[in-house]
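For reference, upload-v4.pdb (PDB, C-alpha atoms, pLDDT in the B column):
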```
ATOM      1  CA  MET A   1     -20.488  -7.609 -15.459  1.00 46.00           C
ATOM      2  CA  GLU A   2     -17.932  -9.411 -17.640  1.00 51.00           C
ATOM      3  CA  ASN A   3     -15.569  -6.436 -17.181  1.00 56.00           C
ATOM      4  CA  TYR A   4     -15.440  -7.073 -13.420  1.00 53.00           C
ATOM      5  CA  PHE A   5     -13.915 -10.511 -13.985  1.00 57.00           C
ATOM      6  CA  LYS A   6     -11.169  -9.004 -16.145  1.00 59.00           C
ATOM      7  CA  GLU A   7     -10.468  -6.163 -13.696  1.00 66.00           C
ATOM      8  CA  PHE A   8     -10.426  -8.258 -10.520  1.00 82.00           C
ATOM      9  CA  LEU A   9      -7.057  -7.559  -8.858  1.00 95.00           C
ATOM     10  CA  THR A  10      -5.571  -6.587 -12.222  1.00 95.00           C
ATOM     11  CA  GLY A  11      -4.349  -3.134 -13.151  1.00 96.00           C
ATOM     12  CA  GLN A  12      -2.802  -1.807 -16.349  1.00 96.00           C
ATOM     13  CA  THR A  13       0.707  -3.004 -15.472  1.00 97.00           C
ATOM     14  CA  ILE A  14       0.341  -5.029 -12.257  1.00 97.00           C
ATOM     15  CA  THR A  15      -1.650  -7.777 -10.594  1.00 97.00           C
ATOM     16  CA  LEU A  16      -2.346  -8.158  -6.901  1.00 97.00           C
ATOM     17  CA  GLN A  17      -1.945 -11.701  -5.649  1.00 94.00           C
ATOM     18  CA  GLN A  18      -1.645 -13.472  -2.366  1.00 90.00           C
ATOM     19  CA  MET A  19       2.017 -14.221  -1.773  1.00 90.00           C
ATOM     20  CA  THR A  20       3.281 -17.711  -1.089  1.00 88.00           C
ATOM     21  CA  SER A  21       6.394 -18.983   0.655  1.00 87.00           C
ATOM     22  CA  SER A  22       8.180 -18.951  -2.715  1.00 91.00           C
ATOM     23  CA  ASP A  23       7.839 -15.131  -2.709  1.00 92.00           C
ATOM     24  CA  LEU A  24       9.430 -14.707   0.719  1.00 91.00           C
ATOM     25  CA  GLU A  25      12.983 -14.133  -0.517  1.00 91.00           C
ATOM     26  CA  ALA A  26      11.921 -11.396  -2.970  1.00 94.00           C
ATOM     27  CA  PHE A  27       9.673  -9.860  -0.284  1.00 92.00           C
ATOM     28  CA  VAL A  28      12.563  -9.735   2.207  1.00 90.00           C
ATOM     29  CA  LYS A  29      14.830  -8.147  -0.411  1.00 92.00           C
ATOM     30  CA  ILE A  30      12.311  -5.342  -1.082  1.00 93.00           C
ATOM     31  CA  GLU A  31      11.511  -4.765   2.596  1.00 89.00           C
ATOM     32  CA  SER A  32      15.250  -4.603   3.411  1.00 89.00           C
ATOM     33  CA  GLU A  33      16.013  -1.816   0.925  1.00 90.00           C
ATOM     34  CA  LEU A  34      17.097   1.486   2.469  1.00 89.00           C
ATOM     35  CA  LYS A  35      14.239   3.484   0.905  1.00 89.00           C
ATOM     36  CA  THR A  36      11.708   0.974   2.210  1.00 87.00           C
ATOM     37  CA  LEU A  37      13.184   1.226   5.708  1.00 84.00           C
ATOM     38  CA  LEU A  38      12.962   5.026   5.572  1.00 89.00           C
ATOM     39  CA  LEU A  39       9.615   5.461   3.794  1.00 88.00           C
ATOM     40  CA  ALA A  40       7.389   2.502   4.680  1.00 82.00           C
ATOM     41  CA  ASN A  41       6.728   2.897   8.398  1.00 84.00           C
ATOM     42  CA  ASP A  42       7.554   5.003  11.407  1.00 87.00           C
ATOM     43  CA  ASP A  43       9.661   2.413  13.198  1.00 86.00           C
ATOM     44  CA  ILE A  44      13.288   3.193  13.890  1.00 85.00           C
ATOM     45  CA  PRO A  45      14.877   2.266  10.533  1.00 82.00           C
ATOM     46  CA  PHE A  46      16.884  -0.619  11.907  1.00 82.00           C
ATOM     47  CA  PRO A  47      17.431  -3.476   9.439  1.00 81.00           C
ATOM     48  CA  LYS A  48      15.317  -6.519  10.196  1.00 81.00           C
ATOM     49  CA  THR A  49      16.572 -10.073   9.899  1.00 83.00           C
ATOM     50  CA  PHE A  50      15.274 -12.658   7.454  1.00 79.00           C
ATOM     51  CA  GLU A  51      13.535 -14.294  10.428  1.00 83.00           C
ATOM     52  CA  ASP A  52      11.819 -10.988  11.357  1.00 79.00           C
ATOM     53  CA  HIS A  53      10.449 -10.642   7.833  1.00 76.00           C
ATOM     54  CA  SER A  54       9.489 -14.304   7.716  1.00 77.00           C
ATOM     55  CA  SER A  55       7.538 -14.008  10.986  1.00 79.00           C
ATOM     56  CA  PHE A  56       5.704 -10.925   9.688  1.00 76.00           C
ATOM     57  CA  PHE A  57       5.010 -12.646   6.361  1.00 70.00           C
ATOM     58  CA  GLN A  58       3.517 -15.669   8.141  1.00 72.00           C
ATOM     59  CA  SER A  59       1.465 -13.631  10.635  1.00 71.00           C
ATOM     60  CA  ILE A  60      -0.109 -11.251   8.126  1.00 67.00           C
ATOM     61  CA  SER A  61      -1.167 -13.926   5.660  1.00 61.00           C
ATOM     62  CA  GLY A  62      -3.428 -15.600   8.211  1.00 58.00           C
ATOM     63  CA  LYS A  63      -5.388 -12.563   9.444  1.00 63.00           C
ATOM     64  CA  LYS A  64      -9.031 -12.607   8.441  1.00 68.00           C
ATOM     65  CA  GLU A  65      -9.655  -8.886   9.007  1.00 76.00           C
ATOM     66  CA  GLU A  66      -6.724  -7.765   6.854  1.00 88.00           C
ATOM     67  CA  PHE A  67      -5.913  -8.252   3.190  1.00 92.00           C
ATOM     68  CA  PHE A  68      -2.227  -8.441   2.293  1.00 93.00           C
ATOM     69  CA  PHE A  69      -1.228  -8.668  -1.372  1.00 95.00           C
ATOM     70  CA  GLY A  70       1.958  -9.024  -3.314  1.00 96.00           C
ATOM     71  CA  ILE A  71       2.236  -6.580  -6.214  1.00 98.00           C
ATOM     72  CA  PHE A  72       3.442  -8.406  -9.310  1.00 97.00           C
ATOM     73  CA  GLU A  73       4.567  -6.740 -12.528  1.00 97.00           C
ATOM     74  CA  LYS A  74       2.154  -8.136 -15.098  1.00 95.00           C
ATOM     75  CA  SER A  75       4.446  -9.022 -18.007  1.00 94.00           C
ATOM     76  CA  SER A  76       7.169 -10.743 -15.951  1.00 95.00           C
ATOM     77  CA  ASN A  77       5.085 -11.813 -12.917  1.00 94.00           C
ATOM     78  CA  GLU A  78       7.949 -10.494 -10.769  1.00 96.00           C
ATOM     79  CA  LEU A  79       7.196  -9.397  -7.196  1.00 97.00           C
ATOM     80  CA  ILE A  80       7.780  -5.635  -7.021  1.00 97.00           C
ATOM     81  CA  GLY A  81       6.158  -4.767  -3.696  1.00 97.00           C
ATOM     82  CA  SER A  82       3.228  -5.299  -1.391  1.00 96.00           C
ATOM     83  CA  CYS A  83       0.079  -3.549  -0.273  1.00 96.00           C
ATOM     84  CA  ALA A  84      -2.486  -4.102   2.435  1.00 95.00           C
ATOM     85  CA  VAL A  85      -5.947  -3.244   3.677  1.00 96.00           C
ATOM     86  CA  TYR A  86      -5.942  -3.128   7.478  1.00 94.00           C
ATOM     87  CA  GLY A  87      -7.607  -1.461  10.447  1.00 94.00           C
ATOM     88  CA  ILE A  88     -11.067  -2.216   9.095  1.00 96.00           C
ATOM     89  CA  ASN A  89     -13.734  -0.532  11.191  1.00 96.00           C
ATOM     90  CA  TRP A  90     -17.008  -2.223  10.245  1.00 96.00           C
ATOM     91  CA  LYS A  91     -19.110   0.082  12.445  1.00 97.00           C
ATOM     92  CA  ASN A  92     -17.926   3.232  10.668  1.00 98.00           C
ATOM     93  CA  SER A  93     -17.139   1.626   7.304  1.00 98.00           C
ATOM     94  CA  THR A  94     -13.506   2.757   7.169  1.00 98.00           C
ATOM     95  CA  CYS A  95     -10.162   1.100   6.573  1.00 98.00           C
ATOM     96  CA  SER A  96      -6.514   2.018   6.181  1.00 98.00           C
ATOM     97  CA  VAL A  97      -4.179   1.070   3.348  1.00 98.00           C
ATOM     98  CA  GLY A  98      -0.438   0.871   2.938  1.00 96.00           C
ATOM     99  CA  ILE A  99       1.888   0.160   0.041  1.00 97.00           C
ATOM    100  CA  SER A 100       5.565  -0.606  -0.411  1.00 95.00           C
ATOM    101  CA  ILE A 101       7.295  -0.716  -3.808  1.00 96.00           C
ATOM    102  CA  GLY A 102      10.866  -1.838  -4.460  1.00 95.00           C
ATOM    103  CA  GLU A 103      13.219   1.032  -5.218  1.00 94.00           C
ATOM    104  CA  GLN A 104      13.983   0.006  -8.802  1.00 94.00           C
ATOM    105  CA  TRP A 105      10.280   0.395  -9.669  1.00 94.00           C
ATOM    106  CA  HIS A 106       9.800   3.860  -8.139  1.00 94.00           C
ATOM    107  CA  GLY A 107       8.658   6.598 -10.495  1.00 93.00           C
ATOM    108  CA  LYS A 108       7.242   4.260 -13.161  1.00 96.00           C
ATOM    109  CA  GLY A 109       3.548   4.471 -12.271  1.00 96.00           C
ATOM    110  CA  LEU A 110       3.421   0.924 -10.909  1.00 97.00           C
ATOM    111  CA  GLY A 111       2.603   2.076  -7.365  1.00 97.00           C
ATOM    112  CA  THR A 112      -0.204   4.290  -8.629  1.00 98.00           C
ATOM    113  CA  ASP A 113      -1.569   1.401 -10.693  1.00 98.00           C
ATOM    114  CA  ALA A 114      -1.354  -0.913  -7.678  1.00 98.00           C
ATOM    115  CA  MET A 115      -3.122   1.602  -5.416  1.00 98.00           C
ATOM    116  CA  LYS A 116      -5.918   2.127  -7.962  1.00 97.00           C
ATOM    117  CA  THR A 117      -6.316  -1.648  -8.210  1.00 97.00           C
ATOM    118  CA  LEU A 118      -6.450  -1.941  -4.417  1.00 98.00           C
ATOM    119  CA  ILE A 119      -9.032   0.867  -4.225  1.00 97.00           C
ATOM    120  CA  HIS A 120     -11.121  -0.889  -6.884  1.00 95.00           C
ATOM    121  CA  PHE A 121     -10.998  -4.081  -4.794  1.00 96.00           C
ATOM    122  CA  ILE A 122     -12.031  -2.266  -1.607  1.00 97.00           C
ATOM    123  CA  PHE A 123     -14.934  -0.306  -3.043  1.00 96.00           C
ATOM    124  CA  ASN A 124     -16.277  -3.204  -5.118  1.00 93.00           C
ATOM    125  CA  TYR A 125     -15.831  -6.122  -2.724  1.00 94.00           C
ATOM    126  CA  ILE A 126     -15.742  -4.743   0.845  1.00 95.00           C
ATOM    127  CA  SER A 127     -18.485  -2.664   2.437  1.00 95.00           C
ATOM    128  CA  ILE A 128     -16.216   0.331   3.040  1.00 98.00           C
ATOM    129  CA  ASN A 129     -17.100   3.992   2.602  1.00 98.00           C
ATOM    130  CA  LYS A 130     -13.747   5.631   3.370  1.00 98.00           C
ATOM    131  CA  ILE A 131     -10.130   4.619   2.803  1.00 98.00           C
ATOM    132  CA  LYS A 132      -7.469   6.315   4.929  1.00 98.00           C
ATOM    133  CA  LEU A 133      -3.694   6.473   4.674  1.00 98.00           C
ATOM    134  CA  GLN A 134      -0.726   8.289   6.139  1.00 97.00           C
ATOM    135  CA  VAL A 135       2.415   9.428   4.345  1.00 97.00           C
ATOM    136  CA  PHE A 136       5.560  11.209   5.465  1.00 97.00           C
ATOM    137  CA  SER A 137       5.651  14.821   4.260  1.00 97.00           C
ATOM    138  CA  PHE A 138       9.052  14.340   2.570  1.00 96.00           C
ATOM    139  CA  ASN A 139       7.757  11.431   0.424  1.00 96.00           C
ATOM    140  CA  LYS A 140       6.725  13.690  -2.480  1.00 96.00           C
ATOM    141  CA  GLY A 141       6.440  10.854  -5.031  1.00 95.00           C
ATOM    142  CA  ALA A 142       3.958   8.957  -2.865  1.00 96.00           C
ATOM    143  CA  ILE A 143       1.930  12.114  -2.220  1.00 97.00           C
ATOM    144  CA  ARG A 144       1.648  12.756  -5.996  1.00 97.00           C
ATOM    145  CA  SER A 145       0.626   9.129  -6.516  1.00 97.00           C
ATOM    146  CA  TYR A 146      -2.099   9.273  -3.854  1.00 98.00           C
ATOM    147  CA  GLU A 147      -3.461  12.505  -5.300  1.00 97.00           C
ATOM    148  CA  LYS A 148      -3.591  10.860  -8.768  1.00 97.00           C
ATOM    149  CA  CYS A 149      -5.679   8.114  -7.189  1.00 97.00           C
ATOM    150  CA  GLY A 150      -8.181  10.682  -5.882  1.00 97.00           C
ATOM    151  CA  PHE A 151      -7.130  10.924  -2.237  1.00 98.00           C
ATOM    152  CA  THR A 152      -7.705  14.258  -0.482  1.00 98.00           C
ATOM    153  CA  LYS A 153      -5.424  15.676   2.162  1.00 98.00           C
ATOM    154  CA  GLU A 154      -7.415  15.742   5.402  1.00 98.00           C
ATOM    155  CA  GLY A 155      -4.850  16.835   7.931  1.00 98.00           C
ATOM    156  CA  ILE A 156      -1.304  17.007   9.153  1.00 98.00           C
ATOM    157  CA  LEU A 157       0.245  15.469  12.241  1.00 98.00           C
ATOM    158  CA  ARG A 158       2.932  18.039  12.961  1.00 98.00           C
ATOM    159  CA  ASN A 159       6.467  16.894  13.864  1.00 98.00           C
ATOM    160  CA  GLU A 160       5.204  13.304  14.122  1.00 97.00           C
ATOM    161  CA  LEU A 161       8.231  11.502  12.702  1.00 96.00           C
ATOM    162  CA  PHE A 162      11.945  11.723  13.429  1.00 96.00           C
ATOM    163  CA  ARG A 163      14.107  11.046  10.331  1.00 94.00           C
ATOM    164  CA  PHE A 164      17.385  12.438   9.004  1.00 94.00           C
ATOM    165  CA  GLY A 165      18.128  14.206  12.299  1.00 96.00           C
ATOM    166  CA  GLN A 166      14.938  16.283  12.410  1.00 97.00           C
ATOM    167  CA  PHE A 167      11.196  16.031  12.911  1.00 98.00           C
ATOM    168  CA  HIS A 168       8.802  15.793   9.956  1.00 97.00           C
ATOM    169  CA  ASP A 169       5.060  15.992   9.492  1.00 98.00           C
ATOM    170  CA  VAL A 170       2.834  13.051   8.633  1.00 98.00           C
ATOM    171  CA  VAL A 171       0.110  13.858   6.108  1.00 98.00           C
ATOM    172  CA  LEU A 172      -3.320  12.228   6.456  1.00 98.00           C
ATOM    173  CA  PHE A 173      -5.281  11.385   3.309  1.00 98.00           C
ATOM    174  CA  GLY A 174      -8.783  10.036   2.754  1.00 98.00           C
ATOM    175  CA  LEU A 175     -10.839   8.800  -0.176  1.00 98.00           C
ATOM    176  CA  LEU A 176     -14.618   8.418  -0.033  1.00 98.00           C
ATOM    177  CA  ARG A 177     -16.556   5.868  -2.061  1.00 98.00           C
ATOM    178  CA  GLU A 178     -18.601   8.647  -3.739  1.00 97.00           C
ATOM    179  CA  GLU A 179     -15.384  10.417  -4.814  1.00 97.00           C
ATOM    180  CA  TRP A 180     -13.976   7.203  -6.296  1.00 97.00           C
ATOM    181  CA  ASN A 181     -17.236   6.529  -8.130  1.00 94.00           C
ATOM    182  CA  GLN A 182     -16.912   9.925  -9.808  1.00 93.00           C
ATOM    183  CA  ILE A 183     -13.317   9.361 -10.997  1.00 87.00           C
ATOM    184  CA  GLY A 184     -12.808   5.562 -10.977  1.00 67.00           C
TER     185      GLY A 184
END
```

Rewrite the coordinates I just gave you, this time as structure tokens.
Amino acid sequence: MENYFKEFLTGQTITLQQMTSSDLEAFVKIESELKTLLLANDDIPFPKTFEDHSSFFQSISGKKEEFFFGIFEKSSNELIGSCAVYGINWKNSTCSVGISIGEQWHGKGLGTDAMKTLIHFIFNYISINKIKLQVFSFNKGAIRSYEKCGFTKEGILRNELFRFGQFHDVVLFGLLREEWNQIG
């Protein structure tokens, strides 16, 4: 049991924490990066204003059915991204997750560590049986990361996203509690 206290919202290299207003500037910087605009959601990648980000930041932090965390690099306590649990379906015991990491921290394993920490939180503290996520087919680094975390490809939404002048697939992934228990 003592191990659970040490592991709570703490990975090998990151911690998940609720963000405060003092994190807003760093959050806006990360969410305004070109790669974040192109990889994080399926909106038209039009740059948002500081006020847009601030409104989102304020609205998400107050929702009781969603869990929105800042991802902080452990040694420096610097904000490097964010992740969320949303779309919780209590009847069917499912939820969706999303993650966004600042470009300078891509490819260093921090996103994988953050996702594993988020999965640990979900399966140990929320009555959820299945975690779902979607990723753009051209986001190969994210796909490798999700597979390292134990997610299984469940389907493809063909030509679902328009980026770079052409249509791309969206890949659907899922992770069951029993699968996580075997590897986590």

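Nearest residue to Ile44 in chain A, choosing from A:Leu161, A:Val85, A:Met19, A:Leu176 and counting all atoms listed in the file: A:Leu161.
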
Give me, as a Markdown table, the closest atom pair and its distance (Å, one decimal) for every residue of range 15-90 of chain A within a cut-off of 10 Å of range 107-127 of chain A, counting all atoms listed in the file, rows sorted by chain and rising number.
```
| residue | atom | partner | partner_atom | distance |
| --- | --- | --- | --- | --- |
| A:Thr15 | CA | A:Ala114 | CA | 7.5 |
| A:Leu16 | CA | A:Ala114 | CA | 7.4 |
| A:Phe67 | CA | A:Ile122 | CA | 9.8 |
| A:Phe69 | CA | A:Leu118 | CA | 9.0 |
| A:Gly70 | CA | A:Ala114 | CA | 9.8 |
| A:Ile71 | CA | A:Ala114 | CA | 6.9 |
| A:Phe72 | CA | A:Ala114 | CA | 9.0 |
| A:Glu73 | CA | A:Leu110 | CA | 7.9 |
| A:Ile80 | CA | A:Leu110 | CA | 8.8 |
| A:Gly81 | CA | A:Gly111 | CA | 8.5 |
| A:Ser82 | CA | A:Ala114 | CA | 8.9 |
| A:Cys83 | CA | A:Leu118 | CA | 7.9 |
| A:Ala84 | CA | A:Leu118 | CA | 8.2 |
| A:Val85 | CA | A:Ile122 | CA | 8.1 |
| A:Ile88 | CA | A:Ile126 | CA | 9.8 |
| A:Trp90 | CA | A:Ser127 | CA | 8.0 |
```

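The shortest atom-to-atom distance to Val135 in chain A, with only C-alpha atoms taken into account, belongs to A:Phe173 out of A:Tyr86, A:Phe8, A:Phe173, A:Phe46.
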
>> If the PyMOL selection byres ((chain A and resi 31) around 9) were run on this exact file, what residues would it hold? Put them as a ChimeraX atom specification.
In response: /A:26-30,32-37,40,48,53,81,100-102

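Put simply, CA of Asn139 in chain A is 21.6 Å away from CA of Cys95 in chain A.
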
Take every atom of range 87-94 of chain A listed in the file, fit an axis-aligned box around them, add 4 Å per side, and give the centre and edge lengths in Å to one decimal as lines of an AutoDock Vina configuration file.
```
center_x = -13.4
center_y = 0.5
center_z = 9.8
size_x = 19.5
size_y = 13.5
size_z = 13.3
```

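Comparing the minimum interatomic distances between Glu147 in chain A and each of A:Arg163, A:Leu133, A:Ser54, A:His106, counting all atoms listed in the file, we find that A:Leu133 sits nearest.
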